[in-house]
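Notes for the one structure printed next.
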Amino acid sequence: MPEQTFQDISEMTYEQALAELESVVQALERGEGTLEETLTLYARGQALLQHCRRLLTEAELKVERLTAAGTAEFPAAGEVE
């Protein structure tokens, strides 16, 4: 496994982080590389997973706030004529 340089996770979009996480999982499943490289990839995968979870939580909170703020203004589904 060649030496890798990684993009700063904090600057990644959800889609970028998820794509790299999938790539990391595939690399780990192949079992190639030295122990040190595998540990580095595993740590990278953990960091990517945390970043994805944080972004999803933030998105969920935004949706909840928008829904709460807009509930009085919009009729519920099925009430639209």
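Chain lettering (A, B, ...) mirrors the order of the structure tokens, residue numbering begins at 1 for each chain separately, and ligand numbering begins at 1 in order of display.
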
**Message:** Would you pick out the contacts of region 37-43 of chain A at 8 Å or less, using only C-alpha atoms, so that residues sharing its chain but fewer than 5 positions from it are not included, and give the list as an MDAnalysis selection string?
**Reply:** chainID A and resid 1 24 28 31:32

**Message:** To test your reading of the structure, identify every residue in chain A that backbone DSSP assigns to helix (DSSP H, G or I), and report it as a count of residues only.
**Reply:** 56

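Closest approach to Gln50 (chain A) among A:Ala69, A:Val63, A:Val25, A:Leu18 is made by A:Leu18 (distances from only C-alpha atoms).
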